[in-house]
file final-v3.tsv (TSV, C-alpha atoms and all ligand atoms)
chain	number	residue	atom	x	y	z
A	1	MET	CA	-74.73	-7.06	0.48
A	2	THR	CA	-71.44	-7.19	-1.35
A	3	SER	CA	-71.08	-5.00	-4.42
A	4	PRO	CA	-70.86	-6.49	-7.92
A	5	VAL	CA	-67.46	-7.62	-9.09
A	6	PRO	CA	-66.63	-4.96	-11.73
A	7	SER	CA	-67.40	-2.09	-9.35
A	8	ARG	CA	-65.33	-3.72	-6.60
A	9	VAL	CA	-62.39	-3.95	-8.96
A	10	ASP	CA	-62.95	-0.36	-10.13
A	11	ALA	CA	-63.08	0.84	-6.52
A	12	LEU	CA	-59.52	-0.28	-5.77
A	13	ASP	CA	-56.91	2.47	-5.39
A	14	TRP	CA	-55.54	2.07	-8.93
A	15	PRO	CA	-53.25	5.13	-8.95
A	16	ARG	CA	-51.42	3.70	-5.92
A	17	ILE	CA	-51.47	0.12	-7.31
A	18	ASP	CA	-50.10	1.29	-10.68
A	19	ALA	CA	-47.38	3.29	-8.93
A	20	ASP	CA	-46.37	0.27	-6.80
A	21	LEU	CA	-46.33	-2.02	-9.85
A	22	ALA	CA	-44.14	0.47	-11.72
A	23	THR	CA	-41.63	0.88	-8.89
A	24	ARG	CA	-41.63	-2.63	-7.34
A	25	GLY	CA	-43.37	-5.02	-9.72
A	26	CYS	CA	-45.92	-5.87	-7.04
A	27	ALA	CA	-48.82	-4.21	-5.25
A	28	ALA	CA	-51.22	-5.15	-2.47
A	29	THR	CA	-54.78	-4.34	-3.55
A	30	GLY	CA	-56.60	-3.71	-0.29
A	31	VAL	CA	-59.47	-6.02	0.59
A	32	LEU	CA	-61.21	-7.48	-2.47
A	33	PHE	CA	-63.10	-10.49	-1.01
A	34	THR	CA	-65.34	-10.52	2.08
A	35	PRO	CA	-64.53	-12.87	4.99
A	36	LYS	CA	-67.57	-14.93	3.97
A	37	GLU	CA	-66.33	-15.28	0.37
A	38	CYS	CA	-62.88	-16.20	1.67
A	39	ALA	CA	-64.34	-18.90	3.92
A	40	ALA	CA	-66.45	-20.29	1.06
A	41	LEU	CA	-63.43	-20.46	-1.25
A	42	ALA	CA	-61.24	-22.09	1.39
A	43	ALA	CA	-63.98	-24.65	2.09
A	44	MET	CA	-64.05	-25.58	-1.62
A	45	TYR	CA	-60.57	-27.01	-1.17
A	46	GLU	CA	-62.16	-30.06	0.49
A	47	GLN	CA	-64.68	-30.54	-2.38
A	48	PRO	CA	-62.81	-32.42	-5.15
A	49	GLN	CA	-65.56	-31.96	-7.75
A	50	HIS	CA	-64.39	-28.35	-8.29
A	51	PHE	CA	-60.89	-29.33	-9.44
A	52	ARG	CA	-59.11	-30.87	-12.44
A	53	SER	CA	-55.92	-31.86	-10.63
A	54	ARG	CA	-54.13	-31.83	-7.30
A	55	VAL	CA	-50.41	-31.29	-6.73
A	56	VAL	CA	-48.59	-32.35	-3.56
A	57	MET	CA	-45.64	-29.99	-3.56
A	58	GLN	CA	-43.13	-32.20	-1.74
A	59	ARG	CA	-43.47	-34.87	-4.47
A	60	HIS	CA	-42.03	-32.45	-7.03
A	61	GLY	CA	-39.55	-30.47	-4.93
A	62	PHE	CA	-41.85	-27.44	-5.12
A	63	GLY	CA	-42.00	-27.02	-1.34
A	64	GLN	CA	-44.40	-28.53	1.16
A	65	GLY	CA	-48.17	-28.25	1.05
A	66	GLU	CA	-50.61	-28.77	-1.77
A	67	TYR	CA	-52.74	-27.08	-4.38
A	68	GLN	CA	-55.56	-27.88	-6.79
A	69	TYR	CA	-56.40	-26.38	-10.18
A	70	PHE	CA	-60.05	-25.52	-10.72
A	71	ALA	CA	-61.85	-27.45	-13.46
A	72	ASN	CA	-64.12	-25.87	-16.04
A	73	PRO	CA	-66.69	-24.46	-15.64
A	74	LEU	CA	-64.93	-22.15	-13.19
A	75	PRO	CA	-66.99	-20.68	-10.33
A	76	SER	CA	-68.79	-17.67	-11.85
A	77	LYS	CA	-67.35	-15.24	-9.31
A	78	LEU	CA	-63.82	-16.25	-10.28
A	79	VAL	CA	-64.62	-15.76	-13.96
A	80	ALA	CA	-65.99	-12.30	-13.15
A	81	PHE	CA	-62.94	-11.30	-11.08
A	82	ARG	CA	-60.48	-12.71	-13.57
A	83	SER	CA	-62.02	-10.79	-16.45
A	84	ALA	CA	-62.54	-7.50	-14.55
A	85	LEU	CA	-58.93	-7.60	-13.31
A	86	TYR	CA	-57.64	-8.56	-16.76
A	87	GLU	CA	-59.35	-5.52	-18.31
A	88	ARG	CA	-57.74	-3.23	-15.77
A	89	LEU	CA	-54.28	-4.81	-16.18
A	90	ALA	CA	-54.14	-5.28	-19.99
A	91	PRO	CA	-53.04	-1.65	-20.67
A	92	LEU	CA	-50.21	-2.07	-18.16
A	93	ALA	CA	-49.24	-5.39	-19.75
A	94	ASN	CA	-49.04	-3.59	-23.11
A	95	ALA	CA	-46.95	-0.77	-21.64
A	96	TRP	CA	-44.54	-3.33	-20.12
A	97	ALA	CA	-44.32	-5.19	-23.44
A	98	THR	CA	-43.48	-1.97	-25.28
A	99	ALA	CA	-40.80	-1.10	-22.72
A	100	MET	CA	-39.29	-4.59	-23.15
A	101	GLY	CA	-39.38	-4.48	-26.97
A	102	GLN	CA	-42.10	-7.13	-27.22
A	103	PRO	CA	-45.37	-7.03	-29.21
A	104	ALA	CA	-47.86	-4.95	-27.22
A	105	ASP	CA	-50.95	-6.77	-28.45
A	106	TYR	CA	-52.79	-7.95	-25.34
A	107	PRO	CA	-56.48	-7.58	-26.29
A	108	PRO	CA	-58.68	-5.41	-24.05
A	109	ASP	CA	-60.91	-8.27	-22.85
A	110	HIS	CA	-60.07	-11.57	-21.19
A	111	ALA	CA	-62.28	-13.74	-23.43
A	112	SER	CA	-60.23	-12.69	-26.47
A	113	TYR	CA	-56.98	-13.38	-24.65
A	114	LEU	CA	-58.22	-16.84	-23.62
A	115	ASP	CA	-59.17	-17.53	-27.27
A	116	ARG	CA	-55.56	-16.81	-28.15
A	117	CYS	CA	-54.29	-19.18	-25.42
A	118	HIS	CA	-56.65	-21.91	-26.60
A	119	ALA	CA	-55.58	-21.49	-30.25
A	120	ALA	CA	-51.97	-21.96	-29.07
A	121	GLY	CA	-52.88	-25.23	-27.32
A	122	GLN	CA	-53.05	-23.70	-23.81
A	123	LEU	CA	-56.47	-25.12	-22.97
A	124	ARG	CA	-56.46	-25.96	-19.29
A	125	PRO	CA	-57.73	-23.46	-16.68
A	126	THR	CA	-55.07	-22.13	-14.28
A	127	PRO	CA	-56.97	-20.62	-11.31
A	128	LEU	CA	-55.98	-22.60	-8.23
A	129	LEU	CA	-56.45	-22.97	-4.50
A	130	LEU	CA	-53.42	-23.61	-2.29
A	131	ARG	CA	-53.40	-25.06	1.22
A	132	TYR	CA	-50.52	-24.90	3.68
A	133	ASP	CA	-50.35	-26.41	7.16
A	134	GLU	CA	-47.77	-25.88	9.89
A	135	GLY	CA	-44.28	-26.32	8.44
A	136	ASP	CA	-45.42	-25.91	4.82
A	137	TYR	CA	-43.90	-23.43	2.37
A	138	ASN	CA	-43.78	-22.71	-1.36
A	139	CYS	CA	-40.38	-22.48	-3.06
A	140	LEU	CA	-39.62	-19.47	-5.25
A	141	HIS	CA	-41.10	-20.14	-8.69
A	142	GLN	CA	-42.80	-18.74	-11.78
A	143	ASP	CA	-46.21	-19.77	-13.15
A	144	LEU	CA	-45.44	-19.88	-16.88
A	145	TYR	CA	-47.55	-22.80	-18.25
A	146	GLY	CA	-46.75	-22.31	-21.95
A	147	ASP	CA	-45.38	-19.89	-24.52
A	148	LEU	CA	-48.18	-17.39	-23.98
A	149	GLN	CA	-47.94	-15.61	-20.68
A	150	PHE	CA	-49.88	-12.64	-19.43
A	151	PRO	CA	-47.22	-10.72	-17.46
A	152	LEU	CA	-49.17	-10.10	-14.24
A	153	GLN	CA	-51.01	-12.41	-11.83
A	154	LEU	CA	-52.71	-12.25	-8.44
A	155	THR	CA	-52.78	-14.20	-5.21
A	156	VAL	CA	-55.59	-13.67	-2.69
A	157	LEU	CA	-55.10	-14.50	0.99
A	158	LEU	CA	-58.16	-16.37	2.31
A	159	ASN	CA	-57.37	-16.66	6.03
A	160	ARG	CA	-56.63	-14.20	8.84
A	161	PRO	CA	-52.90	-13.73	9.39
A	162	GLY	CA	-51.90	-13.87	13.04
A	163	GLU	CA	-55.19	-15.59	13.96
A	164	ASP	CA	-55.80	-18.54	11.61
A	165	PHE	CA	-52.07	-18.93	10.91
A	166	THR	CA	-48.68	-17.37	11.63
A	167	GLY	CA	-45.66	-17.17	9.33
A	168	GLY	CA	-46.52	-17.98	5.71
A	169	GLU	CA	-45.50	-14.62	4.25
A	170	PHE	CA	-45.83	-13.97	0.53
A	171	VAL	CA	-42.31	-13.35	-0.80
A	172	LEU	CA	-41.04	-12.01	-4.13
A	173	THR	CA	-37.51	-11.85	-5.40
A	174	GLU	CA	-36.23	-9.65	-8.17
A	175	GLN	CA	-33.16	-10.73	-10.11
A	176	ARG	CA	-31.46	-7.70	-11.65
A	177	PRO	CA	-28.90	-7.94	-14.45
A	178	ARG	CA	-25.34	-8.12	-13.06
A	179	MET	CA	-26.60	-7.30	-9.56
A	180	GLN	CA	-27.57	-9.25	-6.48
A	181	SER	CA	-31.23	-10.27	-6.01
A	182	ARG	CA	-33.63	-8.25	-3.94
A	183	ALA	CA	-36.44	-9.72	-1.79
A	184	GLU	CA	-39.81	-8.16	-0.99
A	185	VAL	CA	-42.31	-9.47	1.57
A	186	VAL	CA	-45.92	-8.44	0.96
A	187	PRO	CA	-48.09	-8.48	4.09
A	188	LEU	CA	-51.72	-9.20	3.22
A	189	ALA	CA	-55.00	-8.98	5.11
A	190	GLN	CA	-57.71	-11.62	4.73
A	191	GLY	CA	-59.41	-11.09	1.36
A	192	GLU	CA	-56.58	-8.92	0.09
A	193	ALA	CA	-54.67	-9.72	-3.10
A	194	VAL	CA	-51.15	-9.08	-4.24
A	195	ILE	CA	-50.69	-8.30	-7.94
A	196	PHE	CA	-47.21	-9.15	-9.21
A	197	ALA	CA	-45.06	-9.81	-12.26
A	198	VAL	CA	-45.20	-13.40	-13.53
A	199	ASN	CA	-41.74	-13.37	-15.10
A	200	GLN	CA	-39.99	-10.24	-16.33
A	201	ARG	CA	-40.78	-6.59	-15.93
A	202	PRO	CA	-39.16	-3.41	-17.21
A	203	VAL	CA	-37.29	-1.05	-14.88
A	204	ALA	CA	-36.43	2.47	-16.01
A	205	GLY	CA	-32.67	3.03	-15.80
A	206	THR	CA	-30.46	5.98	-16.61
A	207	ARG	CA	-29.77	4.55	-20.09
A	208	GLY	CA	-33.20	3.29	-21.09
A	209	SER	CA	-35.07	0.46	-19.46
A	210	TYR	CA	-33.75	-2.95	-18.48
A	211	ARG	CA	-35.50	-6.20	-17.52
A	212	VAL	CA	-35.63	-7.82	-14.13
A	213	THR	CA	-36.84	-11.37	-13.48
A	214	MET	CA	-39.27	-11.96	-10.64
A	215	ARG	CA	-40.07	-15.12	-8.69
A	216	HIS	CA	-42.60	-15.64	-5.91
A	217	GLY	CA	-43.08	-18.06	-3.04
A	218	VAL	CA	-44.25	-18.40	0.54
A	219	SER	CA	-42.18	-18.57	3.71
A	220	ARG	CA	-42.76	-21.38	6.19
A	221	VAL	CA	-46.12	-21.45	7.95
A	222	ARG	CA	-45.25	-21.40	11.67
A	223	SER	CA	-48.69	-22.44	12.94
A	224	GLY	CA	-52.24	-22.99	11.74
A	225	ARG	CA	-53.55	-23.38	8.21
A	226	ARG	CA	-53.27	-20.92	5.33
A	227	HIS	CA	-55.27	-20.97	2.06
A	228	THR	CA	-54.76	-18.77	-0.97
A	229	LEU	CA	-56.43	-18.33	-4.33
A	230	GLY	CA	-54.15	-17.92	-7.34
A	231	LEU	CA	-55.44	-16.08	-10.41
A	232	ILE	CA	-53.29	-16.45	-13.50
A	233	PHE	CA	-54.61	-14.93	-16.72
A	234	HIS	CA	-53.13	-17.35	-19.26
A	235	ASP	CA	-54.38	-20.92	-19.48
A	236	ALA	CA	-52.02	-23.88	-19.39
A	237	ARG	CA	-50.67	-26.30	-21.97
G	301	LIG	O1	-49.80	-19.07	-1.45
G	301	LIG	C1	-49.29	-18.05	-1.92
G	301	LIG	O2	-49.29	-16.97	-1.32
G	301	LIG	C2	-48.62	-18.12	-3.28
G	301	LIG	C3	-49.46	-18.88	-4.24
G	301	LIG	C4	-48.87	-18.96	-5.62
G	301	LIG	O3	-47.79	-19.42	-5.85
G	301	LIG	C5	-49.69	-18.45	-6.73
G	301	LIG	O4	-50.79	-17.90	-6.51
G	301	LIG	O5	-49.25	-18.59	-7.88
G	302	FE	FE	-47.35	-19.34	-7.97
call {"tool": "encode", "arguments": {"input": "final-v3.tsv", "output": "structure tokens"}}
result
Amino acid sequence: MTSPVPSRVDALDWPRIDADLATRGCAATGVLFTPKECAALAAMYEQPQHFRSRVVMQRHGFGQGEYQYFANPLPSKLVAFRSALYERLAPLANAWATAMGQPADYPPDHASYLDRCHAAGQLRPTPLLLRYDEGDYNCLHQDLYGDLQFPLQLTVLLNRPGEDFTGGEFVLTEQRPRMQSRAEVVPLAQGEAVIFAVNQRPVAGTRGSYRVTMRHGVSRVRSGRRHTLGLIFHDAR
């Protein structure tokens, strides 16, 4: 038996995750999804009825590989994870907004935040599944989708690294004002997520805090097939 979603989210090592987000703008969560759940999600990729649109990355210069955005109604487990994770991350989003001189008014629950997105014309669901085969990669990018952006998002690895695929590392870069960019590779286990900054995050400096800009992507898959689940908290225009 797998435990219910809110208690699984609560059981993560939040002091360590919060510390990693504060120092690096990203954190691996530890395992969040069982191998069975991962396999079921990956298998959905081949079932078009779950999706509203499909993007072939090489057609847009985004990389190589493809992804599909889930259609409404979203699978109930994804709704549960998205809202439990939102509730845990909203206070951090507000703290980041305050540090960056922005309105710190992210509501405590995801349904209220989605109402705000919808009122602003961001109506389309953003959770997505990505699929990469040998040679595929995802160029460094940001998932902005409109004026309203929740500042943190997650990616869940659905396959076993080193067994189902090799290569295909999750990569983040951090662009610091007047400095050279820094890269971070986040190794993930199957069912593990990385939480990371969508766009900007505050960094405490000697003279107050400054903003850094983050981008994420995936290095080339050397062999096999790699699936991920992307959970973005704002909906899309
Ligand atoms: O496949 C990955 O690891 C990255 C997926 C991604 O770009 C996302 O979840 O927004
Ligand atoms: Fe992305």
call {"tool": "residues_near_ligand", "arguments": {"input": "final-v3.tsv", "ligand": "ligand LIG 301 (chain G)", "cutoff": "8 Å", "atoms": "only C-alpha atoms and all ligand atoms", "output": "MDAnalysis selection string"}}
result
chainID A and resid 128:132 138 141:143 153:157 168:171 216:218 226:232
call {"tool": "atom_distance", "arguments": {"input": "final-v3.tsv", "atom1": "CA of Arg160 (chain A)", "atom2": "CA of Pro187 (chain A)"}}
result
11.3 Å
call {"tool": "closest_residue", "arguments": {"input": "final-v3.tsv", "among": "A:Pro161, A:Pro177, A:Gly135, A:Pro6", "to": "Tyr86 (chain A)", "atoms": "all atoms listed in the file"}}
result
A:Pro6
call {"tool": "atom_distance", "arguments": {"input": "final-v3.tsv", "atom1": "CA of Phe150 (chain A)", "atom2": "CA of Thr213 (chain A)"}}
result
14.4 Å
call {"tool": "atom_distance", "arguments": {"input": "final-v3.tsv", "atom1": "CA of Gln47 (chain A)", "atom2": "CA of Ala111 (chain A)"}}
result
27.0 Å
call {"tool": "closest_residue", "arguments": {"input": "final-v3.tsv", "among": "A:Ala189, A:Leu92, A:Leu172, A:Val79", "to": "ligand FE 302 (chain G)", "atoms": "all atoms listed in the file"}}
result
A:Leu172
call {"tool": "residues_around", "arguments": {"input": "final-v3.tsv", "residues": "His110 (chain A)", "least_positions_apart": "2", "cutoff": "6 Å", "atoms": "only C-alpha atoms", "output": "list in words"}}
result
Ser83, Tyr86, Ser112 and Tyr113 of chain A
call {"tool": "residues_near_point", "arguments": {"input": "final-v3.tsv", "point": "(-43.3, -4.1, -21.6)", "cutoff": "10 Å", "atoms": "all atoms listed in the file", "output": "MDAnalysis selection string"}}
result
chainID A and resid 92:104 151 200:203 209 211
call {"tool": "residues_around", "arguments": {"input": "final-v3.tsv", "residues": "Pro75 (chain A)", "least_positions_apart": "4", "cutoff": "10 Å", "atoms": "all atoms listed in the file", "output": "list in words"}}
result
Leu41, His50, Phe70, Ala71, Val79 and Ala80 of chain A
call {"tool": "write_last_selection", "arguments": {"input": "final-v3.tsv", "atoms": "C-alpha atoms", "output": "CSV table (one decimal), in the coordinates of the input"}}
result
chain,number,residue,atom,x,y,z
A,41,LEU,CA,-63.4,-20.5,-1.2
A,50,HIS,CA,-64.4,-28.4,-8.3
A,70,PHE,CA,-60.0,-25.5,-10.7
A,71,ALA,CA,-61.8,-27.4,-13.5
A,79,VAL,CA,-64.6,-15.8,-14.0
A,80,ALA,CA,-66.0,-12.3,-13.2
call {"tool": "closest_residue", "arguments": {"input": "final-v3.tsv", "among": "A:Gln190, A:Ser223, A:Thr206, A:Thr126", "to": "ligand FE 302 (chain G)", "atoms": "only C-alpha atoms and all ligand atoms"}}
result
A:Thr126
call {"tool": "axis_aligned_box", "arguments": {"input": "final-v3.tsv", "around": "region 47-53 of chain A", "padding_each_side": "6 Å", "output": "lines of an AutoDock Vina configuration file"}}
result
center_x = -60.7
center_y = -30.4
center_z = -7.4
size_x = 21.6
size_y = 16.1
size_z = 22.1
call {"tool": "closest_residue", "arguments": {"input": "final-v3.tsv", "among": "A:Met179, A:Val221, A:Val198, A:Leu144", "to": "Asp164 (chain A)", "atoms": "all atoms listed in the file"}}
result
A:Val221
call {"tool": "closest_residue", "arguments": {"input": "final-v3.tsv", "among": "A:Val5, A:Leu148, A:Ala90, A:Val31", "to": "Leu78 (chain A)", "atoms": "all atoms listed in the file"}}
result
A:Val5
call {"tool": "closest_residue", "arguments": {"input": "final-v3.tsv", "among": "A:Pro127, A:Gly61, A:Pro35, A:Pro73", "to": "ligand FE 302 (chain G)", "atoms": "only C-alpha atoms and all ligand atoms"}}
result
A:Pro127
call {"tool": "residues_around", "arguments": {"input": "final-v3.tsv", "residues": "Arg54 (chain A)", "least_positions_apart": "2", "cutoff": "7 Å", "atoms": "all atoms listed in the file", "output": "number ranges by chain"}}
result
A: 56, 67-69
call {"tool": "residues_near_point", "arguments": {"input": "final-v3.tsv", "point": "(-53.9, -4.0, -6.6)", "cutoff": "9 Å", "atoms": "all atoms listed in the file", "output": "MDAnalysis selection string"}}
result
chainID A and resid 9 12:14 16:18 20:21 26:30 154 192:196
call {"tool": "decode", "arguments": {"input": "final-v3.tsv", "residues": "region 193-230 of chain A", "atoms": "C-alpha atoms", "output": "tab-separated table (two decimals), in the first residue's frame"}}
result
chain	number	residue	atom	x	y	z
A	193	ALA	CA	11.65	14.94	-7.95
A	194	VAL	CA	13.77	18.02	-8.23
A	195	ILE	CA	12.19	21.27	-7.01
A	196	PHE	CA	13.69	24.35	-8.65
A	197	ALA	CA	13.24	28.03	-9.40
A	198	VAL	CA	11.17	28.76	-12.51
A	199	ASN	CA	12.78	32.11	-13.26
A	200	GLN	CA	14.41	34.33	-10.65
A	201	ARG	CA	15.31	33.73	-7.05
A	202	PRO	CA	16.84	35.90	-4.35
A	203	VAL	CA	20.39	35.34	-3.09
A	204	ALA	CA	21.55	36.94	0.14
A	205	GLY	CA	24.61	39.10	-0.51
A	206	THR	CA	26.77	41.26	1.73
A	207	ARG	CA	24.73	44.35	0.77
A	208	GLY	CA	21.20	42.97	0.80
A	209	SER	CA	19.82	40.39	-1.57
A	210	TYR	CA	20.20	40.23	-5.34
A	211	ARG	CA	18.37	38.23	-8.02
A	212	VAL	CA	19.72	35.38	-10.07
A	213	THR	CA	18.01	33.94	-13.14
A	214	MET	CA	17.69	30.18	-13.44
A	215	ARG	CA	17.18	27.98	-16.50
A	216	HIS	CA	16.79	24.21	-16.69
A	217	GLY	CA	17.31	21.52	-19.30
A	218	VAL	CA	18.44	17.96	-19.87
A	219	SER	CA	21.77	16.71	-21.19
A	220	ARG	CA	21.85	14.24	-24.08
A	221	VAL	CA	20.40	10.79	-23.42
A	222	ARG	CA	23.24	8.39	-24.27
A	223	SER	CA	21.12	5.23	-24.41
A	224	GLY	CA	17.63	3.98	-23.66
A	225	ARG	CA	14.46	5.95	-23.02
A	226	ARG	CA	13.80	8.52	-20.31
A	227	HIS	CA	10.40	9.88	-19.20
A	228	THR	CA	9.74	12.71	-16.78
A	229	LEU	CA	6.69	14.36	-15.29
A	230	GLY	CA	6.72	18.15	-15.09
